[in-house]
Amino acid sequence: MSFLRAFFARPQTLAGFCIFSAIAIIALAAPLLFPRGPFTIVGMPLLPPGASGFAAGSDVLGRDMAAELAFGARISLLVGIASTIVSIGAGGVLGAVAGYHGGLVDDLLMRVTEFFQIIPSFVLVMVLVAFLQPSLASTVLGIALITWPQVARVVRGEFLALRQREFVAAARMQGLGAGRIIFGEILPNALGPIIVIATMVVGNAILTESALSFLGLGDPNLMSWGSMVGGSRSSMWVAWWTMVLPGLCIMVTVLALNFIGDGLNDALNPRRGR
Amino acid sequence: MRRLRYILSRLVKAGLVTVAVVLLSFFLIRLAPGDAATVMAGQAGYADEAYMKGLRAEYGLDQPLPAQLWKYLTAVAHGDLGTSYGRGQKVLAVILERLPNTLLLDAFALAVAMGGGIWLGALAARRPGSAGDAAVSLASMLFYAMPQFWLGMMLVLVFSAWLGWLPPFGIETLGADYAGLRRVADIAQHMILPGMTLALYYLANYARLTRVAMIETAGEDYVKTARAKGLSERQVARRHILRNAMIPLISYAGLQASILVGGSVVVENVFSWPGLGTLAYQAVGARDNPLLLGIFIVTALLVCLFNLLTDIAYSIADPRVELT
């Protein structure tokens, strides 16, 4: 109860939560809402939003923009969540081991994360996705590759602080192994910051995916918000909605995630503040 | 002496990052299906076993991995990034031809972001909690959630399609053949929209950072001393508060450099700005892997160099900085 009260203390967290839930439901229900799929031509091209049967208008080929947006939500959320899981998994384990053991492992990991901070990571993702051939899997892998270092840094910091605490000393005295202490004792106490960074990673992943598919590096057989914006570059001059609406969807989704992250931060790390 | 040692250690670090970038690139090449021989054979439209074998021997693709790696490292060290598949030119030459355009755009964006951000932040710090203050935090929140390519297209929609004030794409007016100052003005006009697209996000961030740093610095003892000796508020704000508050902004500029370069790759494509970003897009379309990889290496080196410069600037601006 107290968690929920702290979580929803700010109105924008509640708004973010409601908006994100709505987008998630639309994404899940897209095949039921639009059984013909996003690629079917269903009417006249470039109908404005509000034309009969076209709440969001139609695009340059006469496809239903509403269906395209709903199916685009699936890709954005899928890529966002899948790459975050990979990123949190890899970054979490490496950060935990480095923070707990310190020494050479820690030094090495910090150098690697610094390396990823310096290099232009978006260009690296472009290279990786282009070389592996654009697909859902290569996009997820590429985004995970550039986001895990920031996760590792946060987790390492938490473990560095927590390993000094009495409950860890007590666990060590009981003769527990490093693996048990890391995952059984310290990890549950470090979950708060990990969940907060996870929401940030989802938002960043959605933005990166949209930029990739805008540049034509998305899976060509899937409808995504970024590729919709990319495809509207000529039609935007006569039909603003083909460009404005998918971009607006990206922004609102990421904004909602950021609000949720702020709310989680307040609720899970009450002493830290923002 | 200590500063010299600091700069040397930064140089060593930059060198190590460079080597790591090239090593990473070498292994990235191996991710792509097929090797250079299959691509070249595909372009020749002709391939039998003997021909492929000859190609592999010619390019050293039949040698063991460590030998290939050594060959690659020495080639890159000599500035040889390979030959572009599509253009038949040296990759480095193609990149160097486009590089000035990207540098121009990025420098413009950075200057607008830092100049405008520091100015707005200083204004907001003078009256914390004012409407301007709230507007800056709202703007940075929105820009943080917005895809940059979309922001660029929205600016095109408003300032080119609706208002007709600014040119929507290119670096200069095609076929106009302006010369001298007229040409400079033409390019500047074309630079406003892509430059602002890149700059707006950082501008909002710089404003926020400047505001916090100035409010913190205003409480320092030396600021009280400056006031006590009778300096005007204006002088105190400019010479004592702002100058010290700017120090953390220098390292922020270094940290953001890699994101700025990544952003310019996308934004250049929105505006058909003939820089490395549009080149990367063309390389993806033409499956020109050596060119794409070359762009990665060159941009990584650039960011690395920029970080080195900001590190040095930081050590000069703040002599107390820990020189390690």
# chains A, B, ... in the order shown; residues from 1 in each chain; ligands from 1
>>> interface_residues(of="chain A", to="chain B", cutoff="9 Å", atoms="only C-alpha atoms", output="PyMOL selection string")
chain A and resi 115+117-124+126-128+130-133+203-204+207-208+210-212+214-217+226+229-230+233+236-238+240+243-244+247-248+250-255+258
>>> residues_around(residues="B:Trp165", least_positions_apart="6", cutoff="12 Å", atoms="only C-alpha atoms", output="PyMOL selection string")
chain B and resi 155-159+189-190+192-193
>>> write_last_selection(atoms="N, CA and C atoms", output="PDB file, in the first residue's frame")
ATOM      1  N   LEU B 155      10.183  20.389 -37.667  1.00  0.00           N
ATOM      2  CA  LEU B 155      10.696  21.724 -37.985  1.00  0.00           C
ATOM      3  C   LEU B 155      10.545  22.001 -39.481  1.00  0.00           C
ATOM      4  N   VAL B 156      10.797  20.976 -40.314  1.00  0.00           N
ATOM      5  CA  VAL B 156      10.610  21.140 -41.759  1.00  0.00           C
ATOM      6  C   VAL B 156       9.150  21.467 -42.059  1.00  0.00           C
ATOM      7  N   LEU B 157       8.249  20.714 -41.399  1.00  0.00           N
ATOM      8  CA  LEU B 157       6.820  20.912 -41.630  1.00  0.00           C
ATOM      9  C   LEU B 157       6.426  22.361 -41.326  1.00  0.00           C
ATOM     10  N   VAL B 158       6.924  22.873 -40.184  1.00  0.00           N
ATOM     11  CA  VAL B 158       6.518  24.223 -39.769  1.00  0.00           C
ATOM     12  C   VAL B 158       7.259  25.295 -40.569  1.00  0.00           C
ATOM     13  N   PHE B 159       8.589  25.198 -40.633  1.00  0.00           N
ATOM     14  CA  PHE B 159       9.364  26.316 -41.168  1.00  0.00           C
ATOM     15  C   PHE B 159       9.577  26.252 -42.685  1.00  0.00           C
ATOM     16  N   GLN B 189      22.006  29.478 -44.163  1.00  0.00           N
ATOM     17  CA  GLN B 189      20.557  29.344 -44.172  1.00  0.00           C
ATOM     18  C   GLN B 189      20.132  27.872 -44.196  1.00  0.00           C
ATOM     19  N   HIS B 190      20.871  27.069 -44.960  1.00  0.00           N
ATOM     20  CA  HIS B 190      20.558  25.644 -45.032  1.00  0.00           C
ATOM     21  C   HIS B 190      20.910  24.920 -43.732  1.00  0.00           C
ATOM     22  N   ILE B 192      20.508  26.063 -40.643  1.00  0.00           N
ATOM     23  CA  ILE B 192      19.723  26.413 -39.455  1.00  0.00           C
ATOM     24  C   ILE B 192      18.840  25.247 -38.989  1.00  0.00           C
ATOM     25  N   LEU B 193      18.058  24.661 -39.903  1.00  0.00           N
ATOM     26  CA  LEU B 193      17.129  23.615 -39.462  1.00  0.00           C
ATOM     27  C   LEU B 193      17.852  22.365 -38.943  1.00  0.00           C
TER      28      LEU B 193
END
>>> residues_around(residues="A:Leu33", least_positions_apart="2", cutoff="12 Å", atoms="only C-alpha atoms", output="list of chain:residue names")
A:Ile25, A:Ile26, A:Ala27, A:Leu28, A:Ala29, A:Ala30, A:Pro31, A:Pro35, A:Arg36, A:Gly37, A:Pro38, A:Asp64, A:Ala66, A:Ala67, A:Glu68, A:Leu69, A:Ala70, A:Phe71
>>> write_last_selection(atoms="N, CA and C atoms", output="compact mmCIF listing (two decimals), in the first residue's frame")
# COMPACT_ATOMS: atom_id res chain seq x y z
N ILE A 25 -2.14 -2.36 -24.10
CA ILE A 25 -3.36 -3.12 -24.43
C ILE A 25 -3.63 -3.05 -25.94
N ILE A 26 -3.48 -1.84 -26.52
CA ILE A 26 -3.69 -1.70 -27.97
C ILE A 26 -2.70 -2.59 -28.73
N ALA A 27 -1.44 -2.61 -28.26
CA ALA A 27 -0.43 -3.43 -28.94
C ALA A 27 -0.81 -4.90 -28.90
N LEU A 28 -1.27 -5.36 -27.72
CA LEU A 28 -1.63 -6.78 -27.58
C LEU A 28 -2.86 -7.11 -28.41
N ALA A 29 -3.80 -6.16 -28.47
CA ALA A 29 -5.08 -6.45 -29.12
C ALA A 29 -5.07 -6.10 -30.61
N ALA A 30 -3.94 -5.62 -31.14
CA ALA A 30 -3.91 -5.14 -32.53
C ALA A 30 -4.47 -6.15 -33.53
N PRO A 31 -4.10 -7.45 -33.46
CA PRO A 31 -4.64 -8.39 -34.45
C PRO A 31 -6.15 -8.57 -34.33
N PRO A 35 -8.04 -7.01 -37.91
CA PRO A 35 -7.73 -8.37 -38.35
C PRO A 35 -7.09 -8.42 -39.74
N ARG A 36 -7.21 -7.34 -40.52
CA ARG A 36 -6.63 -7.39 -41.87
C ARG A 36 -5.14 -7.05 -41.87
N GLY A 37 -4.62 -6.68 -40.71
CA GLY A 37 -3.20 -6.38 -40.62
C GLY A 37 -2.88 -4.98 -41.10
N PRO A 38 -1.62 -4.54 -40.91
CA PRO A 38 -1.26 -3.15 -41.20
C PRO A 38 -0.91 -2.90 -42.67
N ASP A 64 -4.73 1.78 -43.69
CA ASP A 64 -5.33 2.39 -42.51
C ASP A 64 -4.23 2.76 -41.51
N ALA A 66 -4.51 3.88 -38.53
CA ALA A 66 -4.77 3.39 -37.17
C ALA A 66 -4.23 1.97 -37.01
N ALA A 67 -4.44 1.13 -38.04
CA ALA A 67 -3.93 -0.24 -37.97
C ALA A 67 -2.41 -0.23 -37.95
N GLU A 68 -1.80 0.63 -38.77
CA GLU A 68 -0.34 0.70 -38.81
C GLU A 68 0.20 1.12 -37.44
N LEU A 69 -0.45 2.13 -36.82
CA LEU A 69 0.03 2.60 -35.52
C LEU A 69 -0.10 1.52 -34.46
N ALA A 70 -1.22 0.78 -34.49
CA ALA A 70 -1.43 -0.26 -33.48
C ALA A 70 -0.39 -1.38 -33.63
N PHE A 71 -0.11 -1.77 -34.88
CA PHE A 71 0.90 -2.81 -35.08
C PHE A 71 2.30 -2.28 -34.81
>>> atom_distance(atom1="atom CA of B:Gln68", atom2="atom CA of A:Leu145")
25.3 Å
>>> closest_residue(among="B:Val298, B:Ala313, B:Ile247, B:Ala204", to="B:Leu120", atoms="only C-alpha atoms")
B:Ala204
>>> residues_around(residues="stretch 2-4 of chain A", least_positions_apart="6", cutoff="10 Å", atoms="only C-alpha atoms", output="number ranges by chain")
A: 263-264, 266-268
>>> residues_around(residues="B:Asn205", least_positions_apart="5", cutoff="12 Å", atoms="only C-alpha atoms", output="PDB file with C-alpha atoms, in the first residue's frame")
ATOM      1  CA  LEU B 110      27.477  22.438 -30.221  1.00  0.00           C
ATOM      2  CA  ALA B 113      23.639  24.405 -27.609  1.00  0.00           C
ATOM      3  CA  MET B 114      26.394  25.677 -25.299  1.00  0.00           C
ATOM      4  CA  GLY B 115      25.915  29.379 -26.015  1.00  0.00           C
ATOM      5  CA  GLY B 116      22.136  29.304 -25.882  1.00  0.00           C
ATOM      6  CA  GLY B 117      22.027  26.837 -22.985  1.00  0.00           C
ATOM      7  CA  ILE B 118      24.404  28.803 -20.775  1.00  0.00           C
ATOM      8  CA  LEU B 120      19.134  30.538 -20.780  1.00  0.00           C
ATOM      9  CA  GLY B 121      20.435  28.732 -17.711  1.00  0.00           C
ATOM     10  CA  VAL B 136      13.361  25.052 -19.529  1.00  0.00           C
ATOM     11  CA  SER B 137      12.634  21.897 -17.512  1.00  0.00           C
ATOM     12  CA  LEU B 138       9.523  21.146 -19.574  1.00  0.00           C
ATOM     13  CA  ALA B 139      11.494  21.557 -22.805  1.00  0.00           C
ATOM     14  CA  SER B 140      14.332  19.290 -21.702  1.00  0.00           C
ATOM     15  CA  MET B 141      11.798  16.637 -20.659  1.00  0.00           C
ATOM     16  CA  LEU B 142      10.051  16.750 -24.053  1.00  0.00           C
ATOM     17  CA  PHE B 143      13.266  16.803 -26.110  1.00  0.00           C
ATOM     18  CA  TYR B 144      14.547  13.840 -24.116  1.00  0.00           C
ATOM     19  CA  ALA B 199      21.157  21.515 -30.800  1.00  0.00           C
ATOM     20  CA  LEU B 200      17.731  21.781 -29.124  1.00  0.00           C
ATOM     21  CA  THR B 210      24.021  25.813 -15.895  1.00  0.00           C
ATOM     22  CA  ARG B 211      21.064  26.764 -13.720  1.00  0.00           C
ATOM     23  CA  VAL B 212      21.898  24.178 -11.045  1.00  0.00           C
ATOM     24  CA  LEU B 249      29.884  21.954 -18.509  1.00  0.00           C
ATOM     25  CA  TYR B 252      29.615  17.361 -20.076  1.00  0.00           C
ATOM     26  CA  ALA B 253      30.418  18.484 -23.632  1.00  0.00           C
ATOM     27  CA  GLN B 256      27.886  14.144 -25.021  1.00  0.00           C
TER      28      GLN B 256
END
>>> residues_around(residues="B:Gly219", least_positions_apart="5", cutoff="10 Å", atoms="only C-alpha atoms", output="PyMOL selection string")
chain B and resi 214+224+241
>>> closest_residue(among="A:Trp225, A:Phe116, A:Phe34, A:Tyr100", to="A:Phe159", atoms="only C-alpha atoms")
A:Tyr100
>>> select_by_dssp(residues="stretch 31-256 of chain A", states="strand (DSSP E or B)", output="ChimeraX atom specification")
/A:41,51,54,58,63-64
>>> write_last_selection(atoms="N, CA and C atoms", output="PDB file, in the first residue's frame")
ATOM      1  N   ILE A  41      -4.282  -2.653 -48.207  1.00  0.00           N
ATOM      2  CA  ILE A  41      -4.816  -1.398 -48.729  1.00  0.00           C
ATOM      3  C   ILE A  41      -6.330  -1.447 -48.598  1.00  0.00           C
ATOM      4  N   ALA A  51     -11.797  10.959 -41.380  1.00  0.00           N
ATOM      5  CA  ALA A  51     -12.606  10.516 -42.508  1.00  0.00           C
ATOM      6  C   ALA A  51     -13.322   9.231 -42.103  1.00  0.00           C
ATOM      7  N   PHE A  54     -11.731   5.971 -40.879  1.00  0.00           N
ATOM      8  CA  PHE A  54     -10.291   6.171 -40.745  1.00  0.00           C
ATOM      9  C   PHE A  54     -10.001   7.188 -39.631  1.00  0.00           C
ATOM     10  N   SER A  58      -5.472   7.829 -43.744  1.00  0.00           N
ATOM     11  CA  SER A  58      -4.825   6.751 -44.484  1.00  0.00           C
ATOM     12  C   SER A  58      -3.510   7.275 -45.044  1.00  0.00           C
ATOM     13  N   ARG A  63      -3.457   2.697 -46.952  1.00  0.00           N
ATOM     14  CA  ARG A  63      -3.544   1.764 -45.811  1.00  0.00           C
ATOM     15  C   ARG A  63      -4.064   2.524 -44.603  1.00  0.00           C
ATOM     16  N   ASP A  64      -4.725   1.779 -43.692  1.00  0.00           N
ATOM     17  CA  ASP A  64      -5.327   2.391 -42.511  1.00  0.00           C
ATOM     18  C   ASP A  64      -4.225   2.764 -41.514  1.00  0.00           C
TER      19      ASP A  64
END
>>> atom_distance(atom1="atom CA of A:His101", atom2="atom CA of A:Ile146")
23.9 Å
>>> atom_distance(atom1="atom CA of B:Leu8", atom2="atom CA of A:Val112")
20.6 Å
